[in-house]
Structure formats: structure tokens, C-alpha cells
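Just target_28.txt here, compact mmCIF, C-alpha atoms and all ligand atoms:
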```txt
# COMPACT_ATOMS: atom_id res chain seq x y z
CA MET A 1 -68.87 -13.86 1.68
CA ASN A 2 -71.47 -12.04 -0.35
CA ALA A 3 -71.41 -9.00 -2.60
CA LYS A 4 -74.62 -7.69 -1.07
CA LYS A 5 -74.08 -5.48 1.93
CA LEU A 6 -76.59 -5.32 4.71
CA VAL A 7 -77.32 -2.57 7.17
CA ILE A 8 -78.15 -4.29 10.47
CA ALA A 9 -79.67 -2.23 13.28
CA ILE A 10 -79.59 -3.44 16.88
CA ASP A 11 -81.44 -1.35 19.44
CA GLY A 12 -82.43 -1.97 23.01
CA PRO A 13 -82.11 -0.85 26.62
CA ALA A 14 -78.92 -0.68 28.69
CA ALA A 15 -76.91 -3.87 29.15
CA SER A 16 -79.20 -5.95 26.95
CA GLY A 17 -76.22 -7.33 25.03
CA LYS A 18 -76.27 -5.03 22.00
CA SER A 19 -72.52 -4.34 21.86
CA THR A 20 -71.51 -7.93 22.46
CA THR A 21 -73.88 -9.20 19.78
CA ALA A 22 -73.16 -6.46 17.25
CA ARG A 23 -69.41 -6.94 17.57
CA LEU A 24 -69.58 -10.71 17.04
CA VAL A 25 -72.11 -10.51 14.20
CA ALA A 26 -69.99 -7.89 12.44
CA GLU A 27 -66.89 -10.02 12.91
CA ARG A 28 -68.56 -13.07 11.41
CA LEU A 29 -69.88 -11.16 8.40
CA GLY A 30 -66.75 -9.08 7.91
CA TYR A 31 -68.80 -5.93 8.49
CA LEU A 32 -68.10 -2.71 10.30
CA HIS A 33 -69.35 -2.52 13.91
CA VAL A 34 -70.52 0.87 15.12
CA ASP A 35 -71.22 1.35 18.83
CA THR A 36 -73.20 4.57 18.68
CA GLY A 37 -73.46 4.69 22.49
CA ALA A 38 -69.68 5.13 22.56
CA MET A 39 -70.06 8.24 20.41
CA TYR A 40 -72.59 9.80 22.81
CA ARG A 41 -70.33 8.85 25.70
CA ALA A 42 -67.35 10.59 24.07
CA ILE A 43 -69.27 13.87 23.68
CA THR A 44 -70.40 13.52 27.30
CA LEU A 45 -66.81 13.09 28.46
CA LYS A 46 -65.91 16.35 26.75
CA VAL A 47 -68.90 18.13 28.28
CA LEU A 48 -67.75 17.03 31.74
CA LYS A 49 -64.11 17.93 31.04
CA PHE A 50 -65.23 21.44 30.16
CA GLY A 51 -67.22 21.64 33.39
CA LEU A 52 -70.52 22.08 31.57
CA LYS A 53 -73.83 20.85 32.88
CA PRO A 54 -75.06 17.89 30.76
CA ASP A 55 -78.33 19.70 30.06
CA ASP A 56 -76.76 23.06 29.13
CA VAL A 57 -78.14 23.01 25.58
CA GLY A 58 -76.53 26.27 24.41
CA ASN A 59 -72.98 25.61 25.60
CA VAL A 60 -73.02 21.94 24.68
CA GLY A 61 -74.21 22.92 21.20
CA ARG A 62 -71.33 25.41 20.89
CA LEU A 63 -68.81 22.87 22.16
CA LEU A 64 -69.96 20.42 19.48
CA THR A 65 -68.81 22.67 16.67
CA SER A 66 -65.19 22.07 17.73
CA THR A 67 -65.52 18.40 18.65
CA ARG A 68 -64.49 15.38 16.63
CA VAL A 69 -65.53 11.85 17.56
CA GLU A 70 -64.03 8.97 15.60
CA LEU A 71 -64.15 5.21 15.84
CA GLN A 72 -60.77 3.85 14.81
CA ARG A 73 -60.37 0.21 13.91
CA THR A 74 -57.22 -1.56 15.00
CA ASN A 75 -56.47 -5.24 14.29
CA ASP A 76 -58.45 -6.57 17.22
CA SER A 77 -60.53 -3.71 18.63
CA VAL A 78 -62.20 -0.39 17.98
CA ARG A 79 -60.74 2.66 19.69
CA VAL A 80 -62.82 5.74 20.43
CA LEU A 81 -61.05 8.98 19.63
CA LEU A 82 -62.16 12.34 20.98
CA ASP A 83 -60.42 15.20 19.18
CA GLY A 84 -57.67 12.71 18.32
CA GLU A 85 -57.21 11.42 21.88
CA ASP A 86 -57.92 7.78 22.74
CA VAL A 87 -60.79 7.80 25.27
CA THR A 88 -61.89 4.17 24.89
CA GLU A 89 -61.56 3.50 28.61
CA GLY A 90 -62.38 7.01 29.81
CA ILE A 91 -65.92 6.95 28.39
CA ARG A 92 -66.92 3.99 30.60
CA THR A 93 -66.68 5.76 33.97
CA ALA A 94 -69.67 6.06 36.32
CA GLU A 95 -69.61 9.87 35.85
CA VAL A 96 -70.03 9.57 32.09
CA THR A 97 -72.69 6.88 32.47
CA LYS A 98 -74.64 9.14 34.82
CA ALA A 99 -74.53 12.17 32.50
CA VAL A 100 -74.81 10.55 29.07
CA SER A 101 -78.61 10.36 28.82
CA ALA A 102 -78.97 14.09 29.46
CA VAL A 103 -76.37 15.00 26.82
CA SER A 104 -77.97 12.56 24.37
CA GLN A 105 -81.29 14.39 24.63
CA ILE A 106 -79.87 17.51 23.01
CA ARG A 107 -81.06 17.81 19.44
CA GLN A 108 -77.81 19.23 18.02
CA VAL A 109 -75.87 16.38 19.58
CA ARG A 110 -78.17 13.83 17.98
CA GLU A 111 -78.09 15.53 14.59
CA ALA A 112 -74.30 15.58 14.53
CA MET A 113 -73.99 11.94 15.60
CA VAL A 114 -76.65 10.67 13.19
CA ARG A 115 -74.92 12.46 10.31
CA GLU A 116 -71.64 10.69 11.17
CA GLN A 117 -73.35 7.32 11.56
CA ARG A 118 -75.01 7.54 8.16
CA LYS A 119 -71.70 8.46 6.56
CA MET A 120 -70.03 5.38 8.06
CA ALA A 121 -72.47 3.07 6.29
CA GLU A 122 -71.68 4.33 2.80
CA GLY A 123 -70.70 1.45 0.57
CA GLN A 124 -70.14 -1.16 3.24
CA GLY A 125 -71.86 -3.80 5.31
CA ILE A 126 -72.45 -2.47 8.79
CA VAL A 127 -73.90 -3.43 12.17
CA LEU A 128 -74.92 -0.41 14.23
CA GLU A 129 -76.19 -0.60 17.78
CA GLY A 130 -77.82 2.01 19.94
CA ARG A 131 -81.24 3.34 20.80
CA ASP A 132 -82.54 4.93 17.58
CA ILE A 133 -80.85 3.02 14.77
CA GLY A 134 -83.93 1.22 13.44
CA THR A 135 -86.26 4.17 14.04
CA ILE A 136 -84.25 7.26 13.05
CA VAL A 137 -80.74 6.58 11.77
CA PHE A 138 -81.60 3.76 9.36
CA PRO A 139 -85.39 3.38 9.18
CA LYS A 140 -84.82 1.27 6.06
CA ALA A 141 -82.20 -1.03 7.58
CA HIS A 142 -82.34 -4.51 6.05
CA LEU A 143 -82.51 -6.18 9.44
CA LYS A 144 -83.67 -4.67 12.71
CA ILE A 145 -83.26 -6.40 16.05
CA PHE A 146 -84.71 -5.07 19.28
CA MET A 147 -82.77 -6.72 22.10
CA VAL A 148 -84.32 -7.07 25.50
CA ALA A 149 -83.52 -8.95 28.70
CA ASN A 150 -85.09 -8.70 32.11
CA LEU A 151 -83.71 -6.09 34.50
CA GLU A 152 -82.21 -8.62 36.90
CA ALA A 153 -80.29 -10.39 34.12
CA ARG A 154 -78.99 -7.07 32.82
CA ALA A 155 -77.89 -5.87 36.27
CA ARG A 156 -76.21 -9.20 36.95
CA ARG A 157 -74.29 -8.99 33.67
CA ARG A 158 -73.08 -5.48 34.43
CA GLN A 159 -72.05 -6.57 37.89
CA ASP A 160 -70.09 -9.50 36.45
CA GLU A 161 -68.33 -7.14 34.05
CA LEU A 162 -67.34 -4.86 36.92
CA LYS A 163 -66.20 -7.82 39.01
CA ALA A 164 -63.95 -8.91 36.15
CA LYS A 165 -62.34 -5.46 36.37
CA GLY A 166 -61.85 -5.91 40.10
CA ILE A 167 -64.73 -3.59 41.05
CA ASN A 168 -67.25 -4.77 43.62
CA ALA A 169 -70.42 -2.85 42.86
CA ASN A 170 -73.68 -2.88 44.77
CA THR A 171 -76.40 -4.79 42.90
CA ARG A 172 -79.14 -2.39 43.93
CA LEU A 173 -77.19 0.64 42.71
CA ILE A 174 -76.49 -1.00 39.34
CA LEU A 175 -80.15 -1.89 39.00
CA GLU A 176 -81.19 1.67 39.81
CA GLU A 177 -78.70 3.18 37.38
CA ILE A 178 -79.94 0.96 34.54
CA GLN A 179 -83.58 1.66 35.39
CA GLU A 180 -83.01 5.41 35.56
CA ARG A 181 -81.19 5.53 32.23
CA ASP A 182 -83.84 3.38 30.51
CA GLU A 183 -86.52 5.71 31.83
CA LEU A 184 -84.73 8.80 30.47
CA ASP A 185 -83.95 7.13 27.14
CA THR A 186 -87.52 5.90 26.55
CA THR A 187 -89.36 9.05 27.61
CA ARG A 188 -87.29 11.79 25.96
CA ASP A 189 -88.75 13.84 23.10
CA GLU A 190 -85.75 13.45 20.78
CA SER A 191 -85.43 9.97 19.24
CA PRO A 192 -86.65 8.00 22.26
CA LEU A 193 -85.72 4.35 22.62
CA LYS A 194 -88.54 2.31 21.15
CA ARG A 195 -88.95 -0.76 19.03
CA ALA A 196 -89.37 0.01 15.33
CA ALA A 197 -92.60 -1.52 14.05
CA ASP A 198 -90.64 -3.86 11.77
CA ALA A 199 -87.96 -4.85 14.29
CA ILE A 200 -87.64 -8.41 15.55
CA GLU A 201 -87.69 -8.53 19.32
CA LEU A 202 -85.12 -10.85 20.83
CA ASP A 203 -85.38 -11.58 24.55
CA ASN A 204 -82.03 -13.02 25.55
CA SER A 205 -82.65 -13.28 29.33
CA ASN A 206 -82.15 -17.02 29.07
CA LEU A 207 -79.94 -17.24 26.00
CA THR A 208 -76.20 -17.65 25.73
CA ILE A 209 -74.21 -15.08 23.77
CA ASN A 210 -73.62 -17.69 21.09
CA GLU A 211 -77.35 -18.40 20.75
CA GLN A 212 -78.23 -14.75 20.27
CA VAL A 213 -75.42 -14.19 17.77
CA GLU A 214 -76.55 -17.23 15.78
CA PHE A 215 -80.13 -15.93 15.82
CA VAL A 216 -79.08 -12.66 14.21
CA LEU A 217 -76.67 -14.34 11.79
CA LYS A 218 -79.37 -16.72 10.60
CA LYS A 219 -81.68 -13.81 9.79
CA ALA A 220 -78.86 -11.95 8.05
CA LYS A 221 -77.83 -14.96 5.99
CA ARG A 222 -81.40 -15.55 4.92
CA LEU A 223 -81.56 -11.97 3.65
CA LEU A 224 -78.26 -12.34 1.85
CA GLU A 225 -79.57 -15.41 0.07
CA GLN A 226 -82.57 -13.52 -1.19
CA ASN A 227 -82.09 -11.37 -4.21
CA GLU A 228 -84.11 -8.36 -3.08
CA VAL A 229 -81.35 -6.88 -0.96
CA LYS A 230 -79.85 -3.87 -2.66
O1 LIG A 301 -74.35 1.30 29.01
P1 LIG A 301 -74.81 0.88 27.68
O2 LIG A 301 -73.80 0.13 26.87
O3 LIG A 301 -76.11 0.19 27.69
O4 LIG A 301 -75.14 2.24 26.95
P2 LIG A 301 -74.54 2.82 25.62
O5 LIG A 301 -75.00 2.02 24.47
O6 LIG A 301 -73.08 3.02 25.81
O7 LIG A 301 -75.29 4.21 25.53
C1 LIG A 301 -75.08 5.21 26.49
C2 LIG A 301 -76.21 6.22 26.39
O8 LIG A 301 -76.09 6.92 25.16
C3 LIG A 301 -77.63 5.66 26.41
O9 LIG A 301 -78.12 5.46 27.72
C4 LIG A 301 -78.40 6.75 25.65
O10 LIG A 301 -78.74 7.82 26.50
C5 LIG A 301 -77.36 7.27 24.66
N1 LIG A 301 -77.55 6.74 23.31
C6 LIG A 301 -78.48 7.34 22.50
O11 LIG A 301 -79.16 8.26 22.94
N2 LIG A 301 -78.65 6.93 21.22
C7 LIG A 301 -77.92 5.93 20.74
N3 LIG A 301 -78.09 5.56 19.46
C8 LIG A 301 -76.98 5.27 21.55
C9 LIG A 301 -76.81 5.68 22.85
O1 LIG A 302 -74.44 -2.91 24.61
P1 LIG A 302 -75.30 -3.26 25.78
O2 LIG A 302 -75.21 -2.25 26.87
O3 LIG A 302 -76.71 -3.57 25.40
O4 LIG A 302 -74.76 -4.62 26.38
P2 LIG A 302 -73.27 -5.17 26.41
O5 LIG A 302 -72.30 -4.05 26.64
O6 LIG A 302 -73.06 -6.06 25.26
O7 LIG A 302 -73.24 -5.97 27.77
C1 LIG A 302 -73.92 -7.13 27.96
C2 LIG A 302 -73.14 -8.03 28.93
O8 LIG A 302 -73.91 -9.19 29.11
C3 LIG A 302 -71.79 -8.46 28.40
O9 LIG A 302 -70.89 -8.58 29.48
C4 LIG A 302 -72.06 -9.84 27.81
O10 LIG A 302 -70.93 -10.69 27.90
C5 LIG A 302 -73.19 -10.34 28.71
N1 LIG A 302 -74.16 -11.28 28.12
C6 LIG A 302 -74.80 -11.04 26.92
O11 LIG A 302 -74.55 -10.01 26.28
N2 LIG A 302 -75.72 -11.91 26.42
C7 LIG A 302 -76.03 -13.02 27.09
N3 LIG A 302 -76.91 -13.85 26.60
C8 LIG A 302 -75.42 -13.26 28.32
C9 LIG A 302 -74.48 -12.38 28.81
```
Would you mind giving the structure from this file in C-alpha cells?
Amino acid sequence: MNAKKLVIAIDGPAASGKSTTARLVAERLGYLHVDTGAMYRAITLKVLKFGLKPDDVGNVGRLLTSTRVELQRTNDSVRVLLDGEDVTEGIRTAEVTKAVSAVSQIRQVREAMVREQRKMAEGQGIVLEGRDIGTIVFPKAHLKIFMVANLEARARRRQDELKAKGINANTRLILEEIQERDELDTTRDESPLKRAADAIELDNSNLTINEQVEFVLKKAKRLLEQNEVK
């Protein structure tokens, strides 16, 4: 579509629609989509498999040195590989969700993941989504979106996702889980979730998926039409 390649950063709290939007925007632009949350989830799965406590900084740090997380593109999806094993489904369990914020606070974990994420962007257009993309991973990203939606909308969306998988979850518990994780992610010392000063905030509480994707695409296309993008 265009020889210029953008780095697009999408950050925001849990269930705000980052993955859905990033995947569709990347598809439309022919860019790579990187779900950085999936990477933190994969490390967390390994921590739990090894019976470590999520906040055991020393042992988690040691475990990292022999851990490989990869995002492998297939024709129609992205698979998450942990030491070569496909864990795409395994990283979405309630146990991993509960432990992931603690593991993500560990500095060595963040350093290793950020290094990988920066490598992935070399020489190609990319849409990354997470918590610290616009602030830490790519502070010079061409386009930064901070996605938000009210708590009720986010909890309802998660509940609908679970229902589609045949799981009937309690609304209050989902709401609490989201709230708890947002609290941990925004108050931690290492790369807390916050809006980068130059990020565009997009509240999609009352938007359709298509509307929010078009919003991001419009901004991206405008940048691609300008000549300053390097
Ligand atoms: O459940 P949801 O899709 O909202 O979360 P996720 O994007 O899969 O991220 C899971 C967790 O990983 C977050 O709650 C953060 O604790 C952590 N994370 C992070 O610390 N930094 C990132 N760039 C992405 C995720
Ligand atoms: O990545 P993050 O945790 O921020 O959100 P997600 O995994 O994309 O989940 C958001 C859920 O809300 C998905 O099931 C979407 O289909 C749904 N949704 C949305 O993303 N945006 C809307 N405007 C409405 C629904």
C-alpha cells in the first residue's frame, strides 16, 4: 500500500479492545500485529508450571534465561510458542490471568520482553498493543492510541467472550478481576500503564469494533500520506 512503514502503539487497560483493534488494523495495513500481553502471559504460564510464586524475583529471573517466547504467524492466526510449544490457548486461563500482573512487574521480565518487541519492529510496519508501548517500548511511535472503555462495558465484553466459549462467568467476579489487574498495572513502579503525553485517547464504550478500527486507520492513512514519516 505504501513504502513507508509505521509503528503504531495501542495501549490501554484490560478488555478495552486493544487486541481486537490491533489485529484488524494490522490486517488492513498488511502489518505485523504484536500482542505483547500474550508474551507476558506465556512467561507467567512457565512460572506457574515450575511452581514458582509470581513475585519470586530471583527464581523468575533465573527461569527467564532458559525461556523462549515466540509469536508465530500462520495463514489466519498468530500462535504463541513457549520454548517451542504452542500455548496459545493455555495462556488464557484464569490462573494465568490472576498471576500475570505480578510477573509483569519484574524488571528482568520487562527488559527481556521489550528487547524482543523492539527487534520485531525492525524493517517492517507493525501494530503493537499492551500497556507500555507508547511510553517505554516505542516512545517515538508514529501513532499512539490510548484505548479506554468504561468498566461495565469491558466486563460485559469479557463475559460475552466467555459465554461464546460455553463458560458462564459471574459478572461481579469479572469486574473485580479487571479492576484488580488495572490497579496493579497502573500503580507498579516498572513501566506502569499510563497514557503517553502524545497519545490519542479513544473511548470506545459506545463504538462498534468497525468504528474504532476505522478511527485508527484514518489516522494511520493520514500519516502515510504525509512525507515526514521515516
Ligand atoms: O486480559 P487482557 O487482554 O486485557 O490483558 P493482556 O493484554 O493479555 O495483558 C496481560 C497482562 O500482562 C496485563 O494485565 C499486564 O500486567 C501485562 N502486560 C504488561 O505489563 N505490559 C504489556 N505491554 C502488556 C501486558
Ligand atoms: O486486548 P484487550 O484486552 O484490550 O481487549 P480485547 O481482547 O480486544 O477484547 C475486547 C472484547 O470486546 C472483544 O471480545 C471484542 O470483540 C469486544 N469489543 C471491542 O473490542 N470493541 C467494541 N467496540 C465492542 C466490543
Distance filter 10 Å around ligand LIG 302 (chain A), atoms: only C-alpha atoms and all ligand atoms, out as a count of residues only: 47
Close residues, Ile8 (chain A) itself excluded, 7 Å, only C-alpha atoms, min 6 positions apart in chain, as a ChimeraX atom specification: /A:126-128,141-144
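Proximity of A:Thr93, A:Ser104, A:Ser77, A:Gln72 to Tyr40 (chain A), computed with all atoms listed in the file, is greatest for A:Ser104.
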Among listed residues A:Pro192, A:Gly30, A:Gly123, A:Gly84, nearest ligand LIG 301 (chain A) (using only C-alpha atoms and all ligand atoms): A:Pro192
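Among the candidates A:Arg181, A:Lys46, A:Lys140, A:Lys165, the residue lying nearest to Ala197 (chain A) is A:Lys140 (atoms considered: all atoms listed in the file).
Those residues that approach Leu64 (chain A) to within 9 Å, counting only C-alpha atoms, are A:Ile43, A:Asn59, A:Gln108, A:Val109, A:Ala112; same-chain residues fewer than 5 positions away are not listed.
Of the listed residues (A:Glu89, A:Asp182, A:Asp76, A:Glu27), A:Asp182 comes nearest to ligand LIG 301 (chain A); the distances count only C-alpha atoms and all ligand atoms.
Across A:Ile167, A:Val87, A:Ile106, A:Ile145, the tightest approach to Asp198 (chain A) is made by A:Ile145 when counting only C-alpha atoms.
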Point-to-point distance in Å for CA of Arg92 (chain A) and CA of Leu175 (chain A): 16.7 Å
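Here CA of Leu45 (chain A) stands at a distance of 21.0 Å from CA of Ser191 (chain A).
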Among listed residues A:Val78, A:Val47, A:Val25, A:Val34, nearest Val96 (chain A) (using all atoms listed in the file): A:Val47
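The space between CA of Ala26 (chain A) and CA of Thr74 (chain A) spans 14.5 Å.
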Within-9 Å shell of (-71.6, -0.8, 4.1) in input frame, only C-alpha atoms, as a VMD selection string: chain A and resid 5 to 7 31 to 32 120 to 127
Take the residues just selected and output them with C-alpha atoms as an mmCIF file, in the coordinates of the input.
```cif
data_model
loop_
_atom_site.group_PDB
_atom_site.id
_atom_site.type_symbol
_atom_site.label_atom_id
_atom_site.label_comp_id
_atom_site.auth_asym_id
_atom_site.auth_seq_id
_atom_site.Cartn_x
_atom_site.Cartn_y
_atom_site.Cartn_z
ATOM 1 C CA LYS A 5 -74.080 -5.480 1.930
ATOM 2 C CA LEU A 6 -76.590 -5.320 4.710
ATOM 3 C CA VAL A 7 -77.320 -2.570 7.170
ATOM 4 C CA TYR A 31 -68.800 -5.930 8.490
ATOM 5 C CA LEU A 32 -68.100 -2.710 10.300
ATOM 6 C CA MET A 120 -70.030 5.380 8.060
ATOM 7 C CA ALA A 121 -72.470 3.070 6.290
ATOM 8 C CA GLU A 122 -71.680 4.330 2.800
ATOM 9 C CA GLY A 123 -70.700 1.450 0.570
ATOM 10 C CA GLN A 124 -70.140 -1.160 3.240
ATOM 11 C CA GLY A 125 -71.860 -3.800 5.310
ATOM 12 C CA ILE A 126 -72.450 -2.470 8.790
ATOM 13 C CA VAL A 127 -73.900 -3.430 12.170
#
```
Completion of region 30-51 of chain A up to N, CA and C atoms, as a short mmCIF file (atom, residue, chain, number, x, y, z; two decimals), keeping the file's coordinate frame:
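The new file out_16.cif reads:
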```cif
data_model
loop_
_atom_site.label_atom_id
_atom_site.label_comp_id
_atom_site.auth_asym_id
_atom_site.auth_seq_id
_atom_site.Cartn_x
_atom_site.Cartn_y
_atom_site.Cartn_z
N GLY A 30 -67.79 -9.96 8.46
CA GLY A 30 -66.75 -9.08 7.91
C GLY A 30 -67.28 -7.66 7.72
N TYR A 31 -68.19 -7.26 8.58
CA TYR A 31 -68.80 -5.93 8.49
C TYR A 31 -68.17 -4.99 9.52
N LEU A 32 -68.52 -3.73 9.35
CA LEU A 32 -68.10 -2.71 10.30
C LEU A 32 -69.05 -2.73 11.50
N HIS A 33 -68.51 -2.59 12.71
CA HIS A 33 -69.35 -2.52 13.91
C HIS A 33 -69.32 -1.09 14.43
N VAL A 34 -70.48 -0.49 14.60
CA VAL A 34 -70.52 0.87 15.12
C VAL A 34 -71.32 0.91 16.43
N ASP A 35 -70.60 1.20 17.51
CA ASP A 35 -71.22 1.35 18.83
C ASP A 35 -71.58 2.82 18.97
N THR A 36 -72.83 3.14 18.68
CA THR A 36 -73.20 4.57 18.68
C THR A 36 -73.24 5.13 20.11
N GLY A 37 -73.48 4.25 21.09
CA GLY A 37 -73.46 4.69 22.49
C GLY A 37 -72.09 5.27 22.84
N ALA A 38 -71.04 4.66 22.29
CA ALA A 38 -69.68 5.13 22.56
C ALA A 38 -69.51 6.56 22.06
N MET A 39 -70.18 6.89 20.96
CA MET A 39 -70.06 8.24 20.41
C MET A 39 -70.72 9.25 21.36
N TYR A 40 -71.92 8.90 21.86
CA TYR A 40 -72.59 9.80 22.81
C TYR A 40 -71.80 9.91 24.11
N ARG A 41 -71.16 8.82 24.48
CA ARG A 41 -70.33 8.85 25.70
C ARG A 41 -69.12 9.78 25.51
N ALA A 42 -68.54 9.75 24.31
CA ALA A 42 -67.35 10.59 24.07
C ALA A 42 -67.71 12.08 24.18
N ILE A 43 -68.83 12.46 23.58
CA ILE A 43 -69.27 13.87 23.68
C ILE A 43 -69.50 14.22 25.16
N THR A 44 -70.10 13.28 25.88
CA THR A 44 -70.40 13.52 27.30
C THR A 44 -69.12 13.73 28.10
N LEU A 45 -68.10 12.93 27.76
CA LEU A 45 -66.81 13.09 28.46
C LEU A 45 -66.28 14.51 28.24
N LYS A 46 -66.41 15.00 27.03
CA LYS A 46 -65.91 16.35 26.75
C LYS A 46 -66.72 17.40 27.52
N VAL A 47 -68.02 17.21 27.54
CA VAL A 47 -68.90 18.13 28.28
C VAL A 47 -68.45 18.21 29.75
N LEU A 48 -68.17 17.06 30.33
CA LEU A 48 -67.75 17.03 31.74
C LEU A 48 -66.36 17.65 31.91
N LYS A 49 -65.47 17.37 30.97
CA LYS A 49 -64.11 17.93 31.04
C LYS A 49 -64.15 19.45 31.01
N PHE A 50 -65.10 19.99 30.27
CA PHE A 50 -65.23 21.44 30.16
C PHE A 50 -66.06 22.02 31.31
N GLY A 51 -66.47 21.17 32.22
CA GLY A 51 -67.22 21.64 33.39
C GLY A 51 -68.61 22.12 33.05
#
```
